[in-house]
file target.cif (mmCIF, C-alpha atoms)
data_run
loop_
_atom_site.group_PDB
_atom_site.id
_atom_site.type_symbol
_atom_site.label_atom_id
_atom_site.label_comp_id
_atom_site.auth_asym_id
_atom_site.auth_seq_id
_atom_site.Cartn_x
_atom_site.Cartn_y
_atom_site.Cartn_z
ATOM 1 C CA MET A 1 18.722 -7.944 10.714
ATOM 2 C CA SER A 2 19.881 -4.501 9.677
ATOM 3 C CA ALA A 3 17.724 -1.386 9.407
ATOM 4 C CA VAL A 4 17.569 0.992 6.453
ATOM 5 C CA THR A 5 16.073 4.480 6.717
ATOM 6 C CA LEU A 6 14.908 5.583 3.288
ATOM 7 C CA HIS A 7 15.125 9.265 2.412
ATOM 8 C CA PRO A 8 12.535 9.732 -0.352
ATOM 9 C CA GLY A 9 14.073 11.370 -3.401
ATOM 10 C CA ARG A 10 17.571 10.522 -2.147
ATOM 11 C CA ALA A 11 17.362 6.766 -1.534
ATOM 12 C CA LYS A 12 20.371 4.857 -2.790
ATOM 13 C CA LEU A 13 20.502 1.647 -4.775
ATOM 14 C CA ALA A 14 22.711 0.114 -2.055
ATOM 15 C CA GLU A 15 19.896 0.631 0.473
ATOM 16 C CA PHE A 16 17.454 -1.308 -1.683
ATOM 17 C CA GLU A 17 20.093 -3.962 -2.289
ATOM 18 C CA ALA A 18 20.445 -4.373 1.482
ATOM 19 C CA ILE A 19 16.686 -4.876 1.749
ATOM 20 C CA LEU A 20 16.780 -7.427 -1.053
ATOM 21 C CA ARG A 21 19.914 -9.327 -0.029
ATOM 22 C CA ARG A 22 19.831 -9.178 3.765
ATOM 23 C CA ASP A 23 16.130 -8.991 4.521
ATOM 24 C CA ALA A 24 16.737 -5.568 6.095
ATOM 25 C CA ILE A 25 14.004 -3.608 7.830
ATOM 26 C CA ALA A 26 13.019 -0.439 5.967
ATOM 27 C CA THR A 27 11.548 2.746 7.405
ATOM 28 C CA ILE A 28 10.939 6.197 5.995
ATOM 29 C CA ASP A 29 12.784 9.231 7.258
ATOM 30 C CA ARG A 30 10.389 10.911 9.697
ATOM 31 C CA ALA A 31 11.010 14.241 7.964
ATOM 32 C CA ALA A 32 8.680 12.946 5.219
ATOM 33 C CA ARG A 33 5.667 12.861 7.543
ATOM 34 C CA PRO A 34 4.485 16.487 7.137
ATOM 35 C CA SER A 35 4.284 16.245 3.344
ATOM 36 C CA ILE A 36 2.530 12.852 3.552
ATOM 37 C CA GLU A 37 -0.026 14.251 5.981
ATOM 38 C CA ALA A 38 -0.534 17.404 3.881
ATOM 39 C CA ALA A 39 -1.293 15.304 0.806
ATOM 40 C CA ALA A 40 -3.689 13.120 2.834
ATOM 41 C CA ALA A 41 -5.513 16.267 3.963
ATOM 42 C CA ARG A 42 -5.917 17.348 0.318
ATOM 43 C CA VAL A 43 -7.375 13.948 -0.606
ATOM 44 C CA ARG A 44 -9.690 14.048 2.428
ATOM 45 C CA ALA A 45 -10.963 17.472 1.399
ATOM 46 C CA ALA A 46 -11.471 16.276 -2.185
ATOM 47 C CA ALA A 47 -13.372 13.170 -1.056
ATOM 48 C CA GLN A 48 -15.704 15.266 1.072
ATOM 49 C CA GLY A 49 -15.913 18.246 -1.285
ATOM 50 C CA GLY A 50 -18.221 19.131 -4.109
ATOM 51 C CA GLU A 51 -15.661 19.290 -6.909
ATOM 52 C CA PRO A 52 -15.097 16.094 -8.902
ATOM 53 C CA VAL A 53 -11.606 14.615 -8.426
ATOM 54 C CA TYR A 54 -10.799 11.640 -10.622
ATOM 55 C CA GLY A 55 -10.714 8.374 -8.694
ATOM 56 C CA VAL A 56 -11.294 10.063 -5.347
ATOM 57 C CA ASN A 57 -14.962 10.963 -5.686
ATOM 58 C CA THR A 58 -15.543 9.814 -9.278
ATOM 59 C CA GLY A 59 -15.411 6.503 -11.050
ATOM 60 C CA PHE A 60 -12.455 5.420 -13.195
ATOM 61 C CA GLY A 61 -11.909 5.339 -16.959
ATOM 62 C CA LYS A 62 -15.220 5.623 -18.814
ATOM 63 C CA LEU A 63 -16.930 6.133 -15.456
ATOM 64 C CA ALA A 64 -14.871 9.242 -14.660
ATOM 65 C CA SER A 65 -17.971 11.426 -14.997
ATOM 66 C CA VAL A 66 -19.904 9.352 -12.432
ATOM 67 C CA ARG A 67 -19.849 11.017 -9.019
ATOM 68 C CA ILE A 68 -19.355 8.892 -5.921
ATOM 69 C CA ALA A 69 -21.136 9.971 -2.743
ATOM 70 C CA PRO A 70 -18.831 10.797 0.185
ATOM 71 C CA ALA A 71 -20.312 7.866 2.122
ATOM 72 C CA ASP A 72 -19.186 5.494 -0.668
ATOM 73 C CA THR A 73 -15.592 6.654 -1.277
ATOM 74 C CA ALA A 74 -14.131 4.085 1.135
ATOM 75 C CA ARG A 75 -15.923 1.284 -0.698
ATOM 76 C CA LEU A 76 -14.757 2.711 -4.050
ATOM 77 C CA GLN A 77 -11.099 2.550 -2.989
ATOM 78 C CA ARG A 78 -11.426 -0.922 -1.446
ATOM 79 C CA ASN A 79 -13.222 -2.311 -4.497
ATOM 80 C CA LEU A 80 -10.603 -0.818 -6.805
ATOM 81 C CA ILE A 81 -7.809 -2.627 -4.970
ATOM 82 C CA LEU A 82 -9.657 -5.935 -4.758
ATOM 83 C CA SER A 83 -10.705 -5.795 -8.428
ATOM 84 C CA HIS A 84 -7.035 -5.501 -9.420
ATOM 85 C CA CYS A 85 -6.032 -8.655 -7.494
ATOM 86 C CA CYS A 86 -5.951 -10.663 -10.698
ATOM 87 C CA GLY A 87 -2.413 -12.058 -10.729
ATOM 88 C CA VAL A 88 -1.801 -15.709 -11.540
ATOM 89 C CA GLY A 89 0.991 -18.249 -11.565
ATOM 90 C CA GLU A 90 3.863 -18.926 -9.209
ATOM 91 C CA THR A 91 4.289 -16.825 -6.092
ATOM 92 C CA THR A 92 6.896 -14.082 -6.386
ATOM 93 C CA GLU A 93 9.912 -14.811 -4.177
ATOM 94 C CA LYS A 94 9.777 -13.274 -0.712
ATOM 95 C CA PRO A 95 12.894 -11.033 -1.112
ATOM 96 C CA ILE A 96 11.404 -9.543 -4.294
ATOM 97 C CA VAL A 97 8.079 -8.826 -2.578
ATOM 98 C CA ARG A 98 9.889 -7.222 0.369
ATOM 99 C CA LEU A 99 11.831 -5.070 -2.103
ATOM 100 C CA MET A 100 8.547 -4.127 -3.795
ATOM 101 C CA MET A 101 7.181 -3.102 -0.391
ATOM 102 C CA ALA A 102 10.256 -0.978 0.340
ATOM 103 C CA LEU A 103 10.084 0.679 -3.078
ATOM 104 C CA LYS A 104 6.415 1.516 -2.484
ATOM 105 C CA LEU A 105 7.289 2.827 0.972
ATOM 106 C CA ASN A 106 9.922 5.080 -0.591
ATOM 107 C CA SER A 107 7.432 6.275 -3.207
ATOM 108 C CA LEU A 108 4.762 7.033 -0.597
ATOM 109 C CA GLY A 109 7.370 8.956 1.389
ATOM 110 C CA ARG A 110 7.541 11.573 -1.345
ATOM 111 C CA GLY A 111 4.174 12.868 -0.166
ATOM 112 C CA ALA A 112 2.375 12.904 -3.510
ATOM 113 C CA SER A 113 0.061 9.913 -3.127
ATOM 114 C CA GLY A 114 -2.427 11.195 -0.558
ATOM 115 C CA VAL A 115 -2.136 8.195 1.791
ATOM 116 C CA ARG A 116 -2.425 8.654 5.529
ATOM 117 C CA TRP A 117 0.597 8.235 7.797
ATOM 118 C CA GLU A 118 -1.162 5.207 9.302
ATOM 119 C CA LEU A 119 -0.729 3.330 6.006
ATOM 120 C CA VAL A 120 2.999 4.133 5.914
ATOM 121 C CA GLU A 121 3.359 2.848 9.479
ATOM 122 C CA LEU A 122 1.524 -0.377 8.609
ATOM 123 C CA LEU A 123 3.778 -1.014 5.621
ATOM 124 C CA GLU A 124 6.860 -0.412 7.794
ATOM 125 C CA ALA A 125 5.490 -2.739 10.487
ATOM 126 C CA MET A 126 4.751 -5.473 7.954
ATOM 127 C CA LEU A 127 8.362 -5.297 6.774
ATOM 128 C CA ALA A 128 9.686 -5.255 10.337
ATOM 129 C CA LYS A 129 7.539 -8.145 11.553
ATOM 130 C CA GLY A 130 7.857 -10.317 8.462
ATOM 131 C CA VAL A 131 4.332 -10.152 7.043
ATOM 132 C CA THR A 132 4.961 -10.697 3.337
ATOM 133 C CA PRO A 133 2.019 -10.542 0.918
ATOM 134 C CA VAL A 134 1.584 -13.420 -1.512
ATOM 135 C CA VAL A 135 2.029 -11.799 -4.924
ATOM 136 C CA PRO A 136 1.496 -13.906 -8.062
ATOM 137 C CA ALA A 137 4.334 -13.531 -10.560
ATOM 138 C CA GLN A 138 2.122 -12.958 -13.610
ATOM 139 C CA GLY A 139 -0.657 -10.582 -14.460
ATOM 140 C CA SER A 140 -1.162 -6.884 -14.924
ATOM 141 C CA VAL A 141 -3.913 -4.332 -15.274
ATOM 142 C CA GLY A 142 -3.489 -1.607 -17.857
ATOM 143 C CA ALA A 143 -0.221 -0.541 -19.394
ATOM 144 C CA SER A 144 1.919 0.003 -16.304
ATOM 145 C CA GLY A 145 2.205 -3.654 -15.307
ATOM 146 C CA ASP A 146 2.489 -2.936 -11.583
ATOM 147 C CA LEU A 147 -1.157 -2.516 -10.634
ATOM 148 C CA ALA A 148 -1.949 -6.205 -10.074
ATOM 149 C CA PRO A 149 1.151 -6.905 -7.949
ATOM 150 C CA LEU A 150 0.591 -3.756 -5.897
ATOM 151 C CA ALA A 151 -3.081 -4.656 -5.453
ATOM 152 C CA HIS A 152 -2.077 -8.022 -3.983
ATOM 153 C CA MET A 153 0.228 -6.167 -1.573
ATOM 154 C CA ALA A 154 -2.434 -3.607 -0.646
ATOM 155 C CA ALA A 155 -5.105 -6.275 -0.205
ATOM 156 C CA VAL A 156 -3.174 -7.706 2.741
ATOM 157 C CA MET A 157 -3.037 -4.225 4.253
ATOM 158 C CA LEU A 158 -6.857 -4.262 4.102
ATOM 159 C CA GLY A 159 -6.966 -7.662 5.787
ATOM 160 C CA GLU A 160 -7.688 -9.468 2.514
ATOM 161 C CA GLY A 161 -5.574 -11.618 0.204
ATOM 162 C CA GLU A 162 -2.865 -13.879 1.581
ATOM 163 C CA ALA A 163 0.448 -13.310 3.315
ATOM 164 C CA GLU A 164 3.347 -15.410 4.515
ATOM 165 C CA PHE A 165 4.065 -15.050 8.215
ATOM 166 C CA GLY A 166 6.135 -17.342 10.411
ATOM 167 C CA GLY A 167 6.724 -19.769 7.567
ATOM 168 C CA ARG A 168 3.011 -20.232 6.829
ATOM 169 C CA VAL A 169 0.692 -18.747 4.216
ATOM 170 C CA LEU A 170 -2.364 -17.290 5.944
ATOM 171 C CA PRO A 171 -5.342 -15.138 4.982
ATOM 172 C CA GLY A 172 -4.170 -11.511 5.064
ATOM 173 C CA GLY A 173 -6.161 -10.530 8.151
ATOM 174 C CA GLU A 174 -4.917 -13.576 10.076
ATOM 175 C CA ALA A 175 -1.304 -12.842 9.146
ATOM 176 C CA LEU A 176 -1.653 -9.252 10.370
ATOM 177 C CA ARG A 177 -3.293 -10.358 13.634
ATOM 178 C CA ALA A 178 -0.613 -13.012 14.207
ATOM 179 C CA ALA A 179 1.990 -10.241 13.902
ATOM 180 C CA GLY A 180 0.071 -7.975 16.287
ATOM 181 C CA LEU A 181 -1.072 -5.645 13.486
ATOM 182 C CA SER A 182 -4.465 -4.386 12.321
ATOM 183 C CA PRO A 183 -5.704 -3.765 8.782
ATOM 184 C CA VAL A 184 -5.999 -0.195 7.577
ATOM 185 C CA GLU A 185 -9.321 1.241 6.399
ATOM 186 C CA LEU A 186 -8.975 3.274 3.234
ATOM 187 C CA ALA A 187 -10.792 6.610 3.307
ATOM 188 C CA ALA A 188 -12.464 5.620 6.558
ATOM 189 C CA ARG A 189 -14.226 8.575 8.148
ATOM 190 C CA LYS A 190 -12.972 7.690 11.634
ATOM 191 C CA ALA A 191 -9.390 7.748 10.379
ATOM 192 C CA TRP A 192 -9.772 11.249 8.909
ATOM 193 C CA ARG A 193 -10.268 12.842 12.309
#

call {"tool": "encode", "arguments": {"input": "target.cif", "output": "structure tokens"}}
result
Amino acid sequence: MSAVTLHPGRAKLAEFEAILRRDAIATIDRAARPSIEAAAARVRAAAQGGEPVYGVNTGFGKLASVRIAPADTARLQRNLILSHCCGVGETTEKPIVRLMMALKLNSLGRGASGVRWELVELLEAMLAKGVTPVVPAQGSVGASGDLAPLAHMAAVMLGEGEAEFGGRVLPGGEALRAAGLSPVELAARKAWR
């Protein structure tokens, strides 16, 4: 299996084709880490601060004016992901899901999402070890069309949902454990240290 190092903002179509066609392992250029960590620090400060920040310490949509207590922000993020796991139908083919994971990895590498480096490492490890989320081929939330598929991917990272590992479909947490990985906790206070 080949390895592809993605350079966010400069990734090439041929690199994604290699991931799709040859089941290549994808990682992010380590030069992206400082910007990822800086954005995570901004989100951490927002979650713990007094100013309302949409979707970080407030509700979503019509609930945007509802403040979420700092102790509840982790549950807010987890519930948001799980509530968007509403896909149906046939399972998306494994190479397509792996490509989706690599594209998300590349996007996170730009340092604008506010995720912690730990999440990037888990996504890389899932690709490297062959933990592939089960993503239904149909279903969307809102206008973008990618929220439901991405929620199914993220659910496995939380130890929920289902994933294929070693030729078997397992509950997400079991698949991670079988690969020697642990779920990530979103907005977990212990992880902010």

call {"tool": "closest_atom_pairs", "arguments": {"input": "target.cif", "of": "segment 8-28 of chain A", "to": "segment 95-107 of chain A", "cutoff": "7 Å", "atoms": "all atoms listed in the file", "output": "CSV"}}
result
residue,atom,partner,partner_atom,distance
A:Pro8,CA,A:Asn106,CA,5.3
A:Phe16,CA,A:Leu99,CA,6.8
A:Ile19,CA,A:Leu99,CA,6.2
A:Leu20,CA,A:Pro95,CA,5.3
A:Asp23,CA,A:Pro95,CA,6.8
A:Ala26,CA,A:Ala102,CA,6.3
A:Ile28,CA,A:Asn106,CA,6.8

call {"tool": "closest_residue", "arguments": {"input": "target.cif", "among": "A:Pro149, A:Arg21, A:Gly89, A:Gly114", "to": "Ala45 of chain A", "atoms": "only C-alpha atoms"}}
result
A:Gly114

call {"tool": "closest_residue", "arguments": {"input": "target.cif", "among": "A:Gly161, A:Ala64, A:Pro70, A:Cys85", "to": "Gly173 of chain A", "atoms": "all atoms listed in the file"}}
result
A:Gly161

call {"tool": "resolve_selection", "arguments": {"input": "target.cif", "expression": "the PyMOL selection byres ((chain A and resi 179) around 10)", "output": "PyMOL selection string"}}
result
chain A and resi 125-126+128-131+165-166+173-178+180-182

call {"tool": "closest_residue", "arguments": {"input": "target.cif", "among": "A:Gly109, A:Gly172, A:Pro183, A:Gly145", "to": "Thr132 of chain A", "atoms": "all atoms listed in the file"}}
result
A:Gly172

call {"tool": "closest_residue", "arguments": {"input": "target.cif", "among": "A:Thr73, A:Val66, A:Val141, A:Arg33", "to": "Gln48 of chain A", "atoms": "all atoms listed in the file"}}
result
A:Thr73

call {"tool": "closest_residue", "arguments": {"input": "target.cif", "among": "A:Ala41, A:Ala32, A:Leu150, A:Leu127", "to": "Val4 of chain A", "atoms": "only C-alpha atoms"}}
result
A:Leu127

call {"tool": "residues_near_point", "arguments": {"input": "target.cif", "point": "(1.7, -8.3, -0.2)", "cutoff": "7 Å", "atoms": "all atoms listed in the file", "output": "CSV table (one decimal) with C-alpha atoms, in the coordinates of the input"}}
result
chain,number,residue,atom,x,y,z
A,97,VAL,CA,8.1,-8.8,-2.6
A,132,THR,CA,5.0,-10.7,3.3
A,133,PRO,CA,2.0,-10.5,0.9
A,134,VAL,CA,1.6,-13.4,-1.5
A,135,VAL,CA,2.0,-11.8,-4.9
A,152,HIS,CA,-2.1,-8.0,-4.0
A,153,MET,CA,0.2,-6.2,-1.6
A,154,ALA,CA,-2.4,-3.6,-0.6
A,156,VAL,CA,-3.2,-7.7,2.7
A,163,ALA,CA,0.4,-13.3,3.3

call {"tool": "axis_aligned_box", "arguments": {"input": "target.cif", "around": "segment 9-16 of chain A", "padding_each_side": "4 Å", "output": "JSON"}}
result
{"center_x": 18.4, "center_y": 5.0, "center_z": -2.2, "size_x": 16.6, "size_y": 20.7, "size_z": 13.2}

call {"tool": "atom_distance", "arguments": {"input": "target.cif", "atom1": "atom CA of Val53 of chain A", "atom2": "atom CA of Ser65 of chain A"}}
result
9.7 Å

call {"tool": "residues_around", "arguments": {"input": "target.cif", "residues": "Trp117 of chain A", "least_positions_apart": "2", "cutoff": "7 Å", "atoms": "only C-alpha atoms", "output": "PyMOL selection string"}}
result
chain A and resi 33+36-37+115+119-121

call {"tool": "resolve_selection", "arguments": {"input": "target.cif", "expression": "the PyMOL selection byres ((chain A and resi 47) around 10)", "output": "ChimeraX atom specification"}}
result
/A:41-46,48-53,55-58,68-74,187

call {"tool": "write_last_selection", "arguments": {"input": "target.cif", "atoms": "C-alpha atoms", "output": "tab-separated table (two decimals), keeping the file's coordinate frame"}}
result
chain	number	residue	atom	x	y	z
A	41	ALA	CA	-5.51	16.27	3.96
A	42	ARG	CA	-5.92	17.35	0.32
A	43	VAL	CA	-7.38	13.95	-0.61
A	44	ARG	CA	-9.69	14.05	2.43
A	45	ALA	CA	-10.96	17.47	1.40
A	46	ALA	CA	-11.47	16.28	-2.18
A	48	GLN	CA	-15.70	15.27	1.07
A	49	GLY	CA	-15.91	18.25	-1.28
A	50	GLY	CA	-18.22	19.13	-4.11
A	51	GLU	CA	-15.66	19.29	-6.91
A	52	PRO	CA	-15.10	16.09	-8.90
A	53	VAL	CA	-11.61	14.62	-8.43
A	55	GLY	CA	-10.71	8.37	-8.69
A	56	VAL	CA	-11.29	10.06	-5.35
A	57	ASN	CA	-14.96	10.96	-5.69
A	58	THR	CA	-15.54	9.81	-9.28
A	68	ILE	CA	-19.36	8.89	-5.92
A	69	ALA	CA	-21.14	9.97	-2.74
A	70	PRO	CA	-18.83	10.80	0.18
A	71	ALA	CA	-20.31	7.87	2.12
A	72	ASP	CA	-19.19	5.49	-0.67
A	73	THR	CA	-15.59	6.65	-1.28
A	74	ALA	CA	-14.13	4.08	1.14
A	187	ALA	CA	-10.79	6.61	3.31

call {"tool": "atom_distance", "arguments": {"input": "target.cif", "atom1": "atom CA of Lys62 of chain A", "atom2": "atom CA of Ala155 of chain A"}}
result
24.3 Å

call {"tool": "closest_residue", "arguments": {"input": "target.cif", "among": "A:Leu122, A:Leu108, A:Met157, A:Ala137", "to": "Glu90 of chain A", "atoms": "only C-alpha atoms"}}
result
A:Ala137

call {"tool": "residues_around", "arguments": {"input": "target.cif", "residues": "Leu186 of chain A", "least_positions_apart": "6", "cutoff": "8 Å", "atoms": "all atoms listed in the file", "output": "PyMOL selection string"}}
result
chain A and resi 74+77-78+158

call {"tool": "atom_distance", "arguments": {"input": "target.cif", "atom1": "atom CA of Thr91 of chain A", "atom2": "atom CA of Gly139 of chain A"}}
result
11.6 Å

call {"tool": "build_atoms", "arguments": {"input": "target.cif", "residues": "segment 110-131 of chain A", "atoms": "N, CA and C atoms", "output": "CSV table (one decimal), in the frame of the given file"}}
result
chain,number,residue,atom,x,y,z
A,110,ARG,N,7.4,10.3,-0.6
A,110,ARG,CA,7.5,11.6,-1.3
A,110,ARG,C,6.4,12.5,-1.1
A,111,GLY,N,5.3,12.0,-0.5
A,111,GLY,CA,4.2,12.9,-0.2
A,111,GLY,C,3.3,13.3,-1.3
A,112,ALA,N,3.2,12.5,-2.4
A,112,ALA,CA,2.4,12.9,-3.5
A,112,ALA,C,1.2,12.0,-3.7
A,113,SER,N,1.1,10.9,-2.9
A,113,SER,CA,0.1,9.9,-3.1
A,113,SER,C,-1.2,10.2,-2.4
A,114,GLY,N,-1.2,10.9,-1.3
A,114,GLY,CA,-2.4,11.2,-0.6
A,114,GLY,C,-2.8,10.2,0.5
A,115,VAL,N,-1.9,9.2,0.8
A,115,VAL,CA,-2.1,8.2,1.8
A,115,VAL,C,-1.9,8.8,3.2
A,116,ARG,N,-2.6,8.2,4.2
A,116,ARG,CA,-2.4,8.7,5.5
A,116,ARG,C,-1.1,8.1,6.1
A,117,TRP,N,-0.6,8.7,7.1
A,117,TRP,CA,0.6,8.2,7.8
A,117,TRP,C,0.4,6.8,8.3
A,118,GLU,N,-0.8,6.5,8.8
A,118,GLU,CA,-1.2,5.2,9.3
A,118,GLU,C,-0.8,4.1,8.3
A,119,LEU,N,-1.0,4.3,7.0
A,119,LEU,CA,-0.7,3.3,6.0
A,119,LEU,C,0.8,3.1,5.9
A,120,VAL,N,1.5,4.2,5.9
A,120,VAL,CA,3.0,4.1,5.9
A,120,VAL,C,3.5,3.3,7.1
A,121,GLU,N,3.0,3.6,8.3
A,121,GLU,CA,3.4,2.8,9.5
A,121,GLU,C,3.0,1.4,9.4
A,122,LEU,N,1.9,1.0,8.8
A,122,LEU,CA,1.5,-0.4,8.6
A,122,LEU,C,2.5,-1.1,7.7
A,123,LEU,N,2.8,-0.4,6.6
A,123,LEU,CA,3.8,-1.0,5.6
A,123,LEU,C,5.1,-1.2,6.3
A,124,GLU,N,5.6,-0.3,7.1
A,124,GLU,CA,6.9,-0.4,7.8
A,124,GLU,C,6.8,-1.6,8.8
A,125,ALA,N,5.7,-1.7,9.5
A,125,ALA,CA,5.5,-2.7,10.5
A,125,ALA,C,5.4,-4.1,9.8
A,126,MET,N,4.8,-4.2,8.7
A,126,MET,CA,4.8,-5.5,8.0
A,126,MET,C,6.2,-5.9,7.6
A,127,LEU,N,7.0,-5.0,7.1
A,127,LEU,CA,8.4,-5.3,6.8
A,127,LEU,C,9.1,-5.7,8.0
A,128,ALA,N,8.9,-5.0,9.1
A,128,ALA,CA,9.7,-5.3,10.3
A,128,ALA,C,9.3,-6.6,11.0
A,129,LYS,N,8.0,-6.9,10.9
A,129,LYS,CA,7.5,-8.1,11.6
A,129,LYS,C,7.5,-9.4,10.6
A,130,GLY,N,7.8,-9.2,9.4
A,130,GLY,CA,7.9,-10.3,8.5
A,130,GLY,C,6.5,-10.8,7.9
A,131,VAL,N,5.6,-9.9,7.7
A,131,VAL,CA,4.3,-10.2,7.0
A,131,VAL,C,4.6,-9.8,5.6
